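Participant: Supplied structure: my_file18.txt, compact mmCIF, C-alpha atoms.
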# COMPACT_ATOMS: atom_id res chain seq x y z
CA MET F 297 0.00 0.00 0.00
CA PRO F 298 1.50 3.38 -0.98
CA GLU F 299 2.89 5.35 1.93
CA SER F 300 2.20 9.03 2.53
CA ALA F 301 5.05 11.53 2.74
CA GLY F 302 3.93 12.38 6.29
CA ARG F 303 4.30 8.84 7.60
CA LEU F 304 7.68 8.49 5.91
CA ALA F 305 8.77 11.83 7.40
CA ASP F 306 7.69 10.59 10.86
CA ARG F 307 9.86 7.50 10.46
CA ILE F 308 12.83 9.53 9.30
CA LEU F 309 12.51 12.13 12.05
CA ALA F 310 12.29 9.37 14.65
CA ARG F 311 15.48 7.84 13.22
CA VAL F 312 17.36 11.13 13.57
CA ARG F 313 15.94 11.64 17.09
CA ASP F 314 13.97 14.72 16.16
CA PRO F 315 10.38 13.38 16.26
CA HIS F 316 8.81 16.84 16.41
CA GLY F 317 10.84 18.22 13.53
CA LEU F 318 12.46 20.94 15.64
CA ALA F 319 15.93 20.67 14.11
CA HIS F 320 14.79 19.43 10.70
CA PRO F 321 11.60 21.12 9.40
CA ARG F 322 9.08 18.70 7.92
CA ALA F 323 8.95 20.69 4.68
CA LEU F 324 12.68 20.12 4.23
CA VAL F 325 12.31 16.42 5.05
CA ARG F 326 9.58 16.12 2.39
CA ARG F 327 11.82 17.83 -0.18
CA LEU F 328 14.59 15.40 0.64
CA ILE F 329 12.18 12.47 0.35
CA GLN F 330 11.26 13.70 -3.13
CA GLN F 331 14.92 14.02 -4.16
CA ALA F 332 15.80 10.62 -2.72
CA ALA F 333 12.79 8.96 -4.39
CA ASP F 334 13.78 10.40 -7.78
CA PHE F 335 17.39 9.28 -7.36
CA ILE F 336 16.44 5.75 -6.26
CA ASN F 337 13.94 5.36 -9.06
CA LEU F 338 16.32 6.60 -11.76
CA VAL F 339 19.03 4.21 -10.59
CA GLY F 340 16.80 1.22 -9.87
CA ARG F 341 13.85 1.75 -12.29
CA PHE F 342 11.30 0.63 -9.70
CA ALA F 343 8.39 2.76 -10.91
CA VAL F 344 7.88 3.07 -14.64
CA ASN F 345 4.98 4.42 -16.60
CA TYR F 346 4.19 5.19 -20.19
CA HIS F 347 2.75 7.90 -22.40
CA PHE F 348 1.61 7.70 -25.99
CA PHE F 349 2.89 10.50 -28.14
CA GLU F 350 2.56 11.48 -31.78
CA THR F 351 5.72 12.07 -33.74
CA GLU F 352 5.87 15.02 -36.11
CA PRO F 353 6.70 14.64 -39.79
CA PHE F 354 10.43 15.08 -40.56
CA ARG F 355 11.27 15.68 -36.93
CA LEU F 356 14.31 13.89 -35.50
CA PHE F 357 14.91 15.38 -32.05
CA TYR F 358 12.27 15.54 -29.34
CA SER F 359 12.56 17.29 -26.01
CA VAL F 360 10.74 14.84 -23.76
CA ARG F 361 10.61 17.08 -20.70
CA ALA F 362 8.82 19.70 -22.73
CA LEU F 363 6.32 17.02 -23.78
CA TYR F 364 5.73 15.47 -20.35
CA PRO F 365 7.20 16.94 -17.16
CA ASP F 366 6.65 13.72 -15.16
CA ILE F 367 9.21 11.85 -17.27
CA GLY F 368 12.48 10.98 -15.57
CA TRP F 369 14.46 9.09 -18.15
CA VAL F 370 12.99 7.30 -21.14
CA VAL F 371 13.88 3.61 -20.92
CA GLY F 372 11.97 2.25 -23.90
CA VAL F 373 10.10 3.28 -27.04
CA ARG F 374 7.45 1.02 -28.55
CA LEU F 375 5.63 1.04 -31.84
CA ASP F 376 2.49 -1.13 -32.06
CA GLY F 377 3.60 -2.96 -28.94
CA LEU F 378 7.04 -3.79 -30.34
CA GLU F 379 10.16 -2.45 -28.70
CA LEU F 380 12.36 -0.25 -30.89
CA SER F 381 16.10 -0.80 -30.59
CA ARG F 382 17.94 1.56 -28.33
CA VAL F 383 21.25 2.75 -29.76
CA GLU F 384 23.84 5.30 -28.77
CA TRP F 385 23.33 8.31 -31.03
CA THR F 386 27.10 8.40 -31.67
CA THR F 387 26.81 5.05 -33.48
CA LEU F 388 24.19 6.31 -35.95
CA PRO F 389 26.73 7.72 -38.47
CA TYR F 390 28.33 4.27 -38.72
CA VAL F 391 24.99 2.71 -39.59
CA ASP F 392 23.84 5.52 -41.86
CA PRO F 393 26.23 8.38 -42.72
CA VAL F 394 23.29 10.67 -43.47
CA TRP F 395 21.22 9.59 -40.48
CA PHE F 396 20.06 13.15 -39.81
CA ARG F 397 18.54 13.43 -43.28
CA ALA F 398 17.02 9.96 -43.47
CA VAL F 399 13.24 9.69 -43.70
CA ALA F 400 10.99 6.63 -43.64
CA SER F 401 7.44 5.62 -42.85
CA ARG F 402 8.42 3.71 -39.68
CA PRO F 403 11.04 4.36 -37.04
CA GLU F 404 13.80 1.81 -36.55
CA ALA F 405 15.65 2.92 -33.45
CA TRP F 406 15.78 5.50 -30.71
CA ALA F 407 18.58 7.11 -28.79
CA ARG F 408 18.93 9.45 -25.84
CA LEU F 409 20.68 12.70 -26.57
CA GLY F 410 21.74 13.96 -23.18
CA ASP F 411 19.06 12.93 -20.72
CA ASP F 412 16.06 14.88 -21.83
CA ARG F 413 16.15 14.64 -25.60
CA LEU F 414 15.22 11.73 -27.81
CA VAL F 415 16.36 10.89 -31.29
CA ILE F 416 13.76 8.89 -33.20
CA TYR F 417 15.57 7.46 -36.21
CA PRO F 418 14.80 7.90 -39.02
CA ALA F 419 12.57 10.97 -39.18
CA MET F 420 9.12 9.96 -40.37
CA THR F 421 7.11 11.18 -43.31
CA ALA F 422 3.81 11.05 -41.43
CA PRO F 423 2.90 11.14 -37.73
CA VAL F 424 3.22 7.84 -35.88
CA SER F 425 1.97 7.05 -32.40
CA LEU F 426 4.79 5.82 -30.18
CA GLN F 427 4.66 4.57 -26.62
CA LEU F 428 7.32 6.10 -24.37
CA VAL F 429 8.25 3.98 -21.37
CA PHE F 430 9.92 6.01 -18.67
CA THR F 431 11.00 6.08 -15.05
CA THR F 432 8.65 8.42 -13.25
CA LEU F 433 9.55 11.46 -11.21
CA GLN F 434 7.98 11.88 -7.81
CA ALA F 435 5.20 14.50 -7.73
CA ASP F 436 5.91 17.48 -5.46
CA LEU F 437 5.49 16.50 -1.81
CA ASP F 438 3.86 19.74 -0.73
CA ALA F 439 1.76 18.11 1.98
CA ASP F 440 2.07 15.20 4.40
CA THR F 441 -0.86 13.48 2.70
CA THR F 442 0.85 13.25 -0.71
CA VAL F 443 1.73 9.68 -1.59
CA VAL F 444 5.27 8.53 -2.37
CA GLU F 445 4.97 6.70 -5.67
CA LEU F 446 7.50 3.94 -5.09
CA PRO F 447 6.87 0.30 -4.21
CA ASP F 448 6.75 -0.40 -0.45
CA ASP F 449 9.85 -2.58 -0.43
CA VAL F 450 11.96 0.29 -1.78
CA LEU F 451 10.84 2.81 0.84
CA PRO F 452 13.50 1.75 3.41
CA LEU F 453 16.06 2.94 0.85
CA VAL F 454 14.38 6.33 0.71
CA VAL F 455 14.41 6.53 4.51
CA ASP F 456 18.13 5.68 4.59
CA ALA F 457 18.98 8.21 1.88
CA VAL F 458 17.18 11.03 3.67
CA GLU F 459 18.70 10.01 7.02
CA LEU F 460 22.14 10.19 5.43
CA LEU F 461 21.47 13.75 4.24
CA LEU F 462 20.06 14.83 7.59
CA LEU F 463 23.07 13.39 9.42
CA GLY F 464 25.23 15.61 7.23
CA ARG F 465 23.01 18.55 8.07
CA ALA F 466 23.56 17.79 11.78
CA ARG F 467 27.33 17.85 11.07
CA MET F 468 27.64 14.10 11.54
CA PHE F 469 29.13 13.54 8.13
CA ALA F 470 31.87 11.02 8.82
CA PRO F 471 29.72 8.02 7.82
CA GLY F 472 28.15 9.83 4.82
CA PRO F 473 30.25 8.55 1.91
CA GLU F 474 30.29 4.95 3.23
CA LEU F 475 26.52 5.02 3.77
CA MET F 476 26.08 6.43 0.26
CA LYS F 477 28.18 3.64 -1.28
CA ALA F 478 26.20 1.03 0.64
CA LEU F 479 22.94 2.68 -0.44
CA VAL F 480 23.85 2.59 -4.13
CA THR F 481 24.80 -1.10 -3.85
CA ARG F 482 21.49 -1.86 -2.16
CA ILE F 483 19.54 -0.01 -4.85
CA GLN F 484 21.33 -2.01 -7.53
CA VAL F 485 20.69 -5.29 -5.70
CA ALA F 486 17.04 -4.41 -5.21
CA ALA F 487 16.72 -3.49 -8.88
CA THR F 488 18.02 -6.88 -10.02
CA ALA F 489 16.00 -8.86 -7.48
CA PRO F 490 12.53 -7.32 -7.53
CA GLY F 491 10.27 -8.30 -4.68
CA ILE F 492 13.10 -8.84 -2.23
CA ALA F 493 13.18 -6.25 0.51
CA PRO F 494 16.60 -4.57 0.49
CA MET M 37 13.03 23.06 -10.00
CA THR M 38 14.59 26.41 -10.60
CA ARG M 39 18.02 27.81 -9.73
CA ALA M 40 16.44 29.62 -6.76
CA ASP M 41 14.94 26.34 -5.47
CA VAL M 42 18.34 24.63 -5.59
CA LEU M 43 19.97 27.51 -3.73
CA ASP M 44 17.17 27.38 -1.19
CA LEU M 45 17.66 23.63 -0.73
CA ALA M 46 21.44 24.09 -0.39
CA ARG M 47 20.93 26.77 2.24
CA ASP M 48 18.51 24.55 4.20
CA LEU M 49 20.83 21.56 3.97
CA ALA M 50 23.73 23.66 5.22
CA GLY M 51 21.67 24.87 8.16
CA GLY M 52 21.45 28.44 6.93
CA LEU M 53 25.09 29.37 7.52
CA VAL M 54 25.84 30.58 4.02
CA ASP M 55 26.56 33.71 2.03
CA PRO M 56 23.77 33.90 -0.58
CA VAL M 57 25.82 35.93 -3.07
CA GLN M 58 28.75 33.53 -2.95
CA MET M 59 26.38 30.56 -3.12
CA ALA M 60 24.80 31.89 -6.31
CA GLY M 61 28.25 32.23 -7.90
CA PHE M 62 29.19 28.73 -6.76
CA TYR M 63 25.95 27.36 -8.19
CA ASP M 64 26.73 28.87 -11.60
CA ALA M 65 30.29 27.54 -11.51
CA THR M 66 29.07 24.07 -10.56
CA MET M 67 26.41 24.09 -13.26
CA HIS M 68 29.09 25.11 -15.77
CA GLU M 69 31.32 22.26 -14.64
CA LEU M 70 28.53 19.66 -14.83
CA ALA M 71 27.52 20.97 -18.23
CA ARG M 72 30.85 19.92 -19.70
CA HIS M 73 29.54 16.35 -19.41
CA ASP M 74 26.66 15.20 -21.55
CA TRP M 75 23.84 15.53 -19.00
CA MET M 76 22.30 18.43 -20.90
CA VAL M 77 22.60 18.46 -24.66
CA GLY M 78 21.37 20.90 -27.27
CA VAL M 79 21.32 21.08 -31.05
CA THR M 80 21.99 24.41 -32.76
CA LEU M 81 21.71 25.23 -36.45
CA ILE M 82 24.19 27.71 -37.92
CA GLU M 83 24.15 29.29 -41.37
CA ALA M 84 27.25 28.40 -43.40
CA LYS M 85 29.04 30.99 -45.58
CA ILE M 86 31.20 30.28 -48.59
CA GLY M 87 34.88 30.23 -47.64
CA LYS M 88 34.17 30.86 -43.96
CA ALA M 89 35.92 28.19 -41.92
CA ARG M 90 35.58 29.51 -38.37
CA TYR M 91 32.21 29.51 -36.56
CA GLU M 92 31.19 30.51 -33.06
CA LEU M 93 29.40 28.26 -30.64
CA PRO M 94 26.18 29.60 -29.11
CA ASP M 95 26.58 31.13 -25.63
CA ARG M 96 25.10 28.24 -23.73
CA ALA M 97 27.16 25.59 -25.58
CA LEU M 98 30.23 24.19 -23.86
CA ARG M 99 31.58 21.09 -25.58
CA ILE M 100 30.99 19.89 -29.11
CA LEU M 101 29.68 16.34 -29.37
CA GLY M 102 29.08 16.30 -33.10
CA VAL M 103 28.94 18.53 -36.16
CA LEU M 104 26.70 17.85 -39.16
CA PHE M 105 27.06 19.57 -42.49
CA GLY M 106 25.33 18.95 -45.80
CA ALA M 107 25.12 15.18 -46.03
CA GLN M 108 27.97 14.40 -43.66
CA HIS M 109 28.50 13.75 -40.00
CA LEU M 110 31.89 15.45 -39.72
CA THR M 111 34.80 13.75 -38.01
CA PRO M 112 36.76 15.60 -35.32
CA LEU M 113 40.41 16.28 -36.12
CA TYR M 114 43.29 17.45 -33.97
CA ARG M 115 45.73 20.13 -35.08
CA ASP M 116 48.62 17.63 -35.43
CA GLU M 117 46.55 15.33 -37.61
CA ILE M 118 45.37 18.07 -39.94
CA ASP M 119 48.89 19.51 -40.27
CA GLN M 120 50.06 16.12 -41.50
CA LEU M 121 47.02 15.55 -43.67
CA ASP M 122 47.14 18.86 -45.48
CA PRO M 123 49.83 21.46 -44.66
CA ASP M 124 47.78 24.06 -46.55
CA TRP M 125 44.56 23.25 -44.68
CA ARG M 126 43.87 26.85 -43.67
CA HIS M 127 43.20 27.77 -47.30
CA ALA M 128 41.31 24.64 -48.37
CA VAL M 129 37.77 25.16 -49.70
CA GLY M 130 35.32 22.40 -50.64
CA GLU M 131 32.78 20.06 -49.01
CA PRO M 132 33.64 20.00 -45.27
CA SER M 133 34.55 16.55 -43.99
CA SER M 134 36.02 17.38 -40.57
CA TYR M 135 36.00 19.96 -37.85
CA LEU M 136 38.54 21.01 -35.29
CA THR M 137 38.28 23.00 -32.10
CA GLU M 138 41.11 25.43 -31.47
CA ASP M 139 41.43 24.43 -27.83
CA GLU M 140 39.21 23.16 -25.06
CA PHE M 141 38.10 26.59 -23.86
CA SER M 142 37.77 28.24 -27.25
CA ARG M 143 34.25 29.24 -28.20
CA THR M 144 34.94 28.64 -31.89
CA PHE M 145 35.46 25.68 -34.15
CA ARG M 146 36.76 25.36 -37.72
CA LEU M 147 35.48 23.37 -40.65
CA TYR M 148 37.93 21.60 -42.90
CA PRO M 149 37.83 22.40 -45.72
CA ALA M 150 35.92 25.68 -45.55
CA PRO M 151 32.53 25.26 -47.26
CA SER M 152 32.18 26.00 -50.95
CA GLN M 153 28.40 26.37 -50.55
CA GLU M 154 26.31 28.43 -48.20
CA THR M 155 22.92 28.18 -46.55
CA LEU M 156 20.37 29.63 -48.98
CA ASP M 157 17.23 31.47 -47.92
CA GLY M 158 18.25 31.45 -44.26
CA LEU M 159 17.05 28.81 -41.86
CA SER M 160 13.40 28.44 -42.86
CA PHE M 161 11.58 25.13 -42.75
CA PRO M 162 8.46 24.37 -44.79
CA THR M 163 7.12 21.79 -42.31
CA GLY M 164 8.44 23.56 -39.24
CA THR M 165 11.11 21.03 -38.28
CA PRO M 166 14.75 21.45 -39.25
CA PHE M 167 15.78 17.84 -39.87
CA GLY M 168 15.00 15.07 -42.31
CA ARG M 169 14.06 16.55 -45.70
CA ASP M 170 13.63 19.95 -44.14
CA LEU M 171 17.31 20.51 -43.38
CA PRO M 172 18.60 23.04 -45.93
CA PRO M 173 21.48 21.59 -48.03
CA ALA M 174 24.47 23.55 -46.78
CA THR M 175 23.60 24.03 -43.14
CA LEU M 176 25.68 23.41 -40.05
CA ALA M 177 24.11 21.59 -37.13
CA VAL M 178 26.14 21.42 -33.94
CA ILE M 179 25.30 18.94 -31.20
CA HIS M 180 26.77 20.22 -27.97
CA THR M 181 26.61 20.01 -24.21
CA GLU M 182 25.00 23.06 -22.70
CA ALA M 183 24.70 24.92 -19.42
CA ARG M 184 21.23 25.94 -18.31
CA VAL M 185 20.04 28.30 -15.62
CA ASP M 186 17.56 25.82 -14.13
CA PRO M 187 18.75 22.25 -13.71
CA PRO M 188 16.93 19.08 -14.78
CA PRO M 189 15.29 17.38 -11.76
CA TRP M 190 17.93 14.65 -11.40
CA LEU M 191 20.76 17.15 -10.97
CA VAL M 192 19.13 19.15 -8.17
CA MET M 193 20.66 17.29 -5.22
CA PRO M 194 24.21 16.93 -6.66
CA LEU M 195 24.14 20.62 -7.55
CA ALA M 196 23.02 21.59 -4.05
CA LEU M 197 25.70 19.41 -2.44
CA LEU M 198 28.49 20.61 -4.73
CA THR M 199 27.48 24.22 -4.09
CA ILE M 200 27.66 23.55 -0.34
CA ALA M 201 31.06 21.92 -0.81
CA ARG M 202 32.43 25.08 -2.46
CA GLU M 203 30.83 27.44 0.04
CA PHE M 204 32.26 25.67 3.09
CA PHE M 205 35.69 25.22 1.55
CA ARG M 206 36.37 28.92 1.09
CA GLU M 207 37.91 31.06 3.82
CA SER M 208 35.06 32.59 5.85
CA ASP M 209 33.60 32.72 9.35
CA HIS M 210 31.89 29.38 8.64
CA THR M 211 34.67 27.47 6.86
CA ASP M 212 34.18 23.74 7.41
CA PRO M 213 36.51 21.53 5.34
CA ALA M 214 35.02 18.33 6.76
CA LEU M 215 31.49 19.32 5.67
CA SER M 216 32.84 20.42 2.31
CA GLN M 217 34.60 17.10 1.81
CA ALA M 218 31.59 15.04 2.88
CA ALA M 219 29.20 17.00 0.61
CA ASN M 220 31.61 16.60 -2.28
CA ASN M 221 31.98 12.86 -1.72
CA VAL M 222 28.25 12.22 -1.45
CA ALA M 223 27.58 14.34 -4.56
CA SER M 224 30.24 12.45 -6.53
CA LEU M 225 28.78 9.08 -5.55
CA TRP M 226 25.27 10.37 -6.39
CA LEU M 227 26.42 11.46 -9.86
CA GLU M 228 28.42 8.28 -10.41
CA ALA M 229 25.35 6.13 -9.67
CA LEU M 230 23.18 8.22 -12.02
CA ASN M 231 25.82 8.09 -14.72
CA ALA M 232 26.07 4.30 -14.51
CA ALA M 233 22.27 3.96 -14.56
CA ARG M 234 21.75 6.14 -17.62
CA ARG M 235 24.25 4.10 -19.67
CA GLU M 236 22.36 0.89 -18.97
CA PRO M 237 20.38 -0.50 -21.88
How does this structure look as structure tokens?
Facilitator:
Amino acid sequence: MPESAGRLADRILARVRDPHGLAHPRALVRRLIQQAADFINLVGRFAVNYHFFETEPFRLFYSVRALYPDIGWVVGVRLDGLELSRVEWTTLPYVDPVWFRAVASRPEAWARLGDDRLVIYPAMTAPVSLQLVFTTLQADLDADTTVVELPDDVLPLVVDAVELLLLGRARMFAPGPELMKALVTRIQVAATAPGIAP
Amino acid sequence: MTRADVLDLARDLAGGLVDPVQMAGFYDATMHELARHDWMVGVTLIEAKIGKARYELPDRALRILGVLFGAQHLTPLYRDEIDQLDPDWRHAVGEPSSYLTEDEFSRTFRLYPAPSQETLDGLSFPTGTPFGRDLPPATLAVIHTEARVDPPPWLVMPLALLTIAREFFRESDHTDPALSQAANNVASLWLEALNAARREP
């Protein structure tokens, strides 16, 4: 069952021995929860969603964040339910020296250009409906009642990440880098073994 | 999130003991440094002129990742290579096949050879998109990393931590090298994990 930001903040504040949020304001804790949730989801891909979008004729580059602000990173592009190949854009000139002028009726591959632009290769003569699969970004946690959109078994990682940041804020930063390394390892383990609590 | 939000977060994380003016400068410097990597990428079209070899990068561009001209994806060349390839390269004119940057911090790049054609009718696009069939024949397109004022959401925390690291490293009434070091280490690990994740298929 999805957990609210307020309940998660309570757990975190209890862990840092500030249950009433006197040293660490709740609004700050919620902001940190949001940042930690985004980080954990981008690294582990625990919460993904999809949007359908229409390509434009002869267009090659798409700014996905301008299209949909809830997109973290695109992890897949589908056409009629079939996955398009993901390539590195730097390999396109080896496949097709005039890749940026190529046009066709169907796309063959997609690439990320930076982290918020997509290359749909080749450009298409007519609009096509593509399905973008992406890691989601956490909605703003403006209130305690807002839900954290990650699976329950990943929430302990969020708690640990925020605790690590709050320890630094309380000038107890000696364990910070080691905790961060351990956290990243646990995210990666959790991502490869879904369903197992980290 | 905007630049102001990141500075606000950095100030809160640091417990308020910061100089806002210095922090803003450190934010910009950190953003500039991160922008040298390919987290934020832009594509800029430039009109080519006959015989003109040297072109300026747009203000926000930092590092060239690729240059397209006519029907070619140009190859990068170093000064030594081009000197050996064609000692008279500065005067060569034809269909550009390569580009070279003068040095890492230069805001210009050169085409080799200088183009013998130029962009006609400016950069106007019948269907409103500049690529595919719409790309005018002799037009330069530069793919480059870019600095932005407001960061993408995934760079907010590393930016805040790196800004804190700079602020607490400088000589002031709140200098704290241990905090600076810890913030820097956590930010580096944060970025490293993101970088590994985004390369995954």
Participant: Could you give me, as a list of chain:residue names, the residues within 10 Å of Asp55 of chain M, counting all atoms listed in the file and dropping anything in the same chain fewer than 3 positions from it?
Facilitator: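 Selected residues are M:Arg47, M:Gly52, M:Gln58, M:Met59, M:Ala60, M:Glu203, M:Phe204, M:Ser208, M:His210.
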Participant: List as a VMD selection string the residues having at least one atom at most 12 Å from position (7.6, 5.3, -25.5) as given in the file, counting only C-alpha atoms.
Facilitator: chain F and resid 344 to 351 358 360 363 to 364 367 369 to 382 405 to 407 414 to 416 424 to 431
Participant: Counting all atoms listed in the file, which residues of chain F come no farther than 7 Å from chain M, as a PDB file with C-alpha atoms, keeping the file's coordinate frame?
Facilitator:
ATOM      1  CA  GLN F 331      14.920  14.020  -4.160  1.00  0.00           C
ATOM      2  CA  ASP F 334      13.780  10.400  -7.780  1.00  0.00           C
ATOM      3  CA  PHE F 335      17.390   9.280  -7.360  1.00  0.00           C
ATOM      4  CA  VAL F 339      19.030   4.210 -10.590  1.00  0.00           C
ATOM      5  CA  PHE F 354      10.430  15.080 -40.560  1.00  0.00           C
ATOM      6  CA  ARG F 355      11.270  15.680 -36.930  1.00  0.00           C
ATOM      7  CA  LEU F 356      14.310  13.890 -35.500  1.00  0.00           C
ATOM      8  CA  PRO F 389      26.730   7.720 -38.470  1.00  0.00           C
ATOM      9  CA  PRO F 393      26.230   8.380 -42.720  1.00  0.00           C
ATOM     10  CA  VAL F 394      23.290  10.670 -43.470  1.00  0.00           C
ATOM     11  CA  PHE F 396      20.060  13.150 -39.810  1.00  0.00           C
ATOM     12  CA  ARG F 397      18.540  13.430 -43.280  1.00  0.00           C
ATOM     13  CA  ALA F 398      17.020   9.960 -43.470  1.00  0.00           C
ATOM     14  CA  VAL F 399      13.240   9.690 -43.700  1.00  0.00           C
ATOM     15  CA  LEU F 409      20.680  12.700 -26.570  1.00  0.00           C
ATOM     16  CA  GLY F 410      21.740  13.960 -23.180  1.00  0.00           C
ATOM     17  CA  ASP F 411      19.060  12.930 -20.720  1.00  0.00           C
ATOM     18  CA  ALA F 419      12.570  10.970 -39.180  1.00  0.00           C
ATOM     19  CA  ARG F 465      23.010  18.550   8.070  1.00  0.00           C
ATOM     20  CA  ARG F 467      27.330  17.850  11.070  1.00  0.00           C
ATOM     21  CA  PHE F 469      29.130  13.540   8.130  1.00  0.00           C
ATOM     22  CA  GLY F 472      28.150   9.830   4.820  1.00  0.00           C
ATOM     23  CA  PRO F 473      30.250   8.550   1.910  1.00  0.00           C
ATOM     24  CA  MET F 476      26.080   6.430   0.260  1.00  0.00           C
ATOM     25  CA  LYS F 477      28.180   3.640  -1.280  1.00  0.00           C
ATOM     26  CA  VAL F 480      23.850   2.590  -4.130  1.00  0.00           C
TER      27      VAL F 480
END
Participant: I'd like to know which of M:Arg146, M:Arg90, M:His68, M:Arg206 is closest to Ile118 of chain M, using all atoms listed in the file.
Facilitator: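 Using all atoms listed in the file, the shortest distance to Ile118 of chain M belongs to M:Arg146.
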Participant: Would you please work out which residue, of M:Arg184, M:Pro149, M:Val103, M:Gly87, is nearest to Arg72 of chain M when using only C-alpha atoms?
Facilitator: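 The shortest atom-to-atom distance to Arg72 of chain M comes from M:Arg184.
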Participant: Residues at most 10 Å from Thr488 of chain F, counting all atoms listed in the file, excluding those fewer than 5 positions away in the same chain, as a PyMOL selection string?
Facilitator: chain F and resi 340-341+482-483
Participant: Excluding Val185 of chain M and its own-chain neighbours fewer than 3 positions away, which residues fall within 12 Å of it when counting only C-alpha atoms? Please give them as number ranges by chain.
Facilitator: M: 37-43, 60-61, 63-68, 71, 76, 96, 182, 188, 192, 195
Participant: Would you put the residues from that selection into a file with C-alpha atoms, as an mmCIF file, keeping the file's coordinate frame?
Facilitator:
data_model
loop_
_atom_site.group_PDB
_atom_site.id
_atom_site.type_symbol
_atom_site.label_atom_id
_atom_site.label_comp_id
_atom_site.auth_asym_id
_atom_site.auth_seq_id
_atom_site.Cartn_x
_atom_site.Cartn_y
_atom_site.Cartn_z
ATOM 1 C CA MET M 37 13.030 23.060 -10.000
ATOM 2 C CA THR M 38 14.590 26.410 -10.600
ATOM 3 C CA ARG M 39 18.020 27.810 -9.730
ATOM 4 C CA ALA M 40 16.440 29.620 -6.760
ATOM 5 C CA ASP M 41 14.940 26.340 -5.470
ATOM 6 C CA VAL M 42 18.340 24.630 -5.590
ATOM 7 C CA LEU M 43 19.970 27.510 -3.730
ATOM 8 C CA ALA M 60 24.800 31.890 -6.310
ATOM 9 C CA GLY M 61 28.250 32.230 -7.900
ATOM 10 C CA TYR M 63 25.950 27.360 -8.190
ATOM 11 C CA ASP M 64 26.730 28.870 -11.600
ATOM 12 C CA ALA M 65 30.290 27.540 -11.510
ATOM 13 C CA THR M 66 29.070 24.070 -10.560
ATOM 14 C CA MET M 67 26.410 24.090 -13.260
ATOM 15 C CA HIS M 68 29.090 25.110 -15.770
ATOM 16 C CA ALA M 71 27.520 20.970 -18.230
ATOM 17 C CA MET M 76 22.300 18.430 -20.900
ATOM 18 C CA ARG M 96 25.100 28.240 -23.730
ATOM 19 C CA GLU M 182 25.000 23.060 -22.700
ATOM 20 C CA PRO M 188 16.930 19.080 -14.780
ATOM 21 C CA VAL M 192 19.130 19.150 -8.170
ATOM 22 C CA LEU M 195 24.140 20.620 -7.550
#
Participant: In Å, how far is it from atom CA of Pro447 of chain F to atom CA of Ala310 of chain F?
Facilitator: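 Distance reported for this atom pair: 21.6 Å.
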Participant: From the list M:Thr155, M:Pro132, M:Ala174, M:Thr144, which residue is nearest Tyr91 of chain M when using all atoms listed in the file?
Facilitator: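 For Tyr91 of chain M, the nearest of the given residues is M:Thr144.
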Participant: Quick one: residues within 6 Å of Val455 of chain F, all atoms listed in the file, excluding same-chain residues fewer than 3 positions away - as an MDAnalysis selection string?
Facilitator: chainID F and resid 308 452 458
Participant: Can those selected residues be exported to a file as a CSV table (one decimal), in the frame of the given file so that it contains C-alpha atoms?
Facilitator:
chain,number,residue,atom,x,y,z
F,308,ILE,CA,12.8,9.5,9.3
F,452,PRO,CA,13.5,1.8,3.4
F,458,VAL,CA,17.2,11.0,3.7
Participant: When you draw a straight line from atom CA of Pro94 of chain M to atom CA of Asp186 of chain M, how long is it in Å?
Facilitator: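 Taking atom CA of Pro94 of chain M and atom CA of Asp186 of chain M, their separation equals 17.7 Å.
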Participant: Can you write segment 53-61 of chain M from the block above with N, CA and C atoms, as a PDB file, in the first residue's frame?
Facilitator:
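File decode-v3.pdb, as written:
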ATOM      1  N   LEU M  53      23.833  28.619   7.350  1.00  0.00           N
ATOM      2  CA  LEU M  53      25.090  29.371   7.516  1.00  0.00           C
ATOM      3  C   LEU M  53      25.796  29.602   6.180  1.00  0.00           C
ATOM      4  N   VAL M  54      25.207  30.392   5.320  1.00  0.00           N
ATOM      5  CA  VAL M  54      25.835  30.576   4.016  1.00  0.00           C
ATOM      6  C   VAL M  54      25.760  32.037   3.590  1.00  0.00           C
ATOM      7  N   ASP M  55      26.613  32.374   2.631  1.00  0.00           N
ATOM      8  CA  ASP M  55      26.563  33.712   2.033  1.00  0.00           C
ATOM      9  C   ASP M  55      25.813  33.571   0.702  1.00  0.00           C
ATOM     10  N   PRO M  56      24.596  34.133   0.614  1.00  0.00           N
ATOM     11  CA  PRO M  56      23.766  33.904  -0.576  1.00  0.00           C
ATOM     12  C   PRO M  56      24.435  34.343  -1.878  1.00  0.00           C
ATOM     13  N   VAL M  57      25.195  35.438  -1.827  1.00  0.00           N
ATOM     14  CA  VAL M  57      25.823  35.931  -3.066  1.00  0.00           C
ATOM     15  C   VAL M  57      26.897  34.949  -3.537  1.00  0.00           C
ATOM     16  N   GLN M  58      27.716  34.512  -2.604  1.00  0.00           N
ATOM     17  CA  GLN M  58      28.754  33.533  -2.946  1.00  0.00           C
ATOM     18  C   GLN M  58      28.122  32.234  -3.431  1.00  0.00           C
ATOM     19  N   MET M  59      27.052  31.828  -2.751  1.00  0.00           N
ATOM     20  CA  MET M  59      26.385  30.565  -3.117  1.00  0.00           C
ATOM     21  C   MET M  59      25.879  30.616  -4.558  1.00  0.00           C
ATOM     22  N   ALA M  60      25.323  31.765  -4.943  1.00  0.00           N
ATOM     23  CA  ALA M  60      24.802  31.889  -6.313  1.00  0.00           C
ATOM     24  C   ALA M  60      25.941  31.741  -7.316  1.00  0.00           C
ATOM     25  N   GLY M  61      27.085  32.352  -7.013  1.00  0.00           N
ATOM     26  CA  GLY M  61      28.249  32.227  -7.900  1.00  0.00           C
ATOM     27  C   GLY M  61      28.743  30.792  -7.954  1.00  0.00           C
TER      28      GLY M  61
END
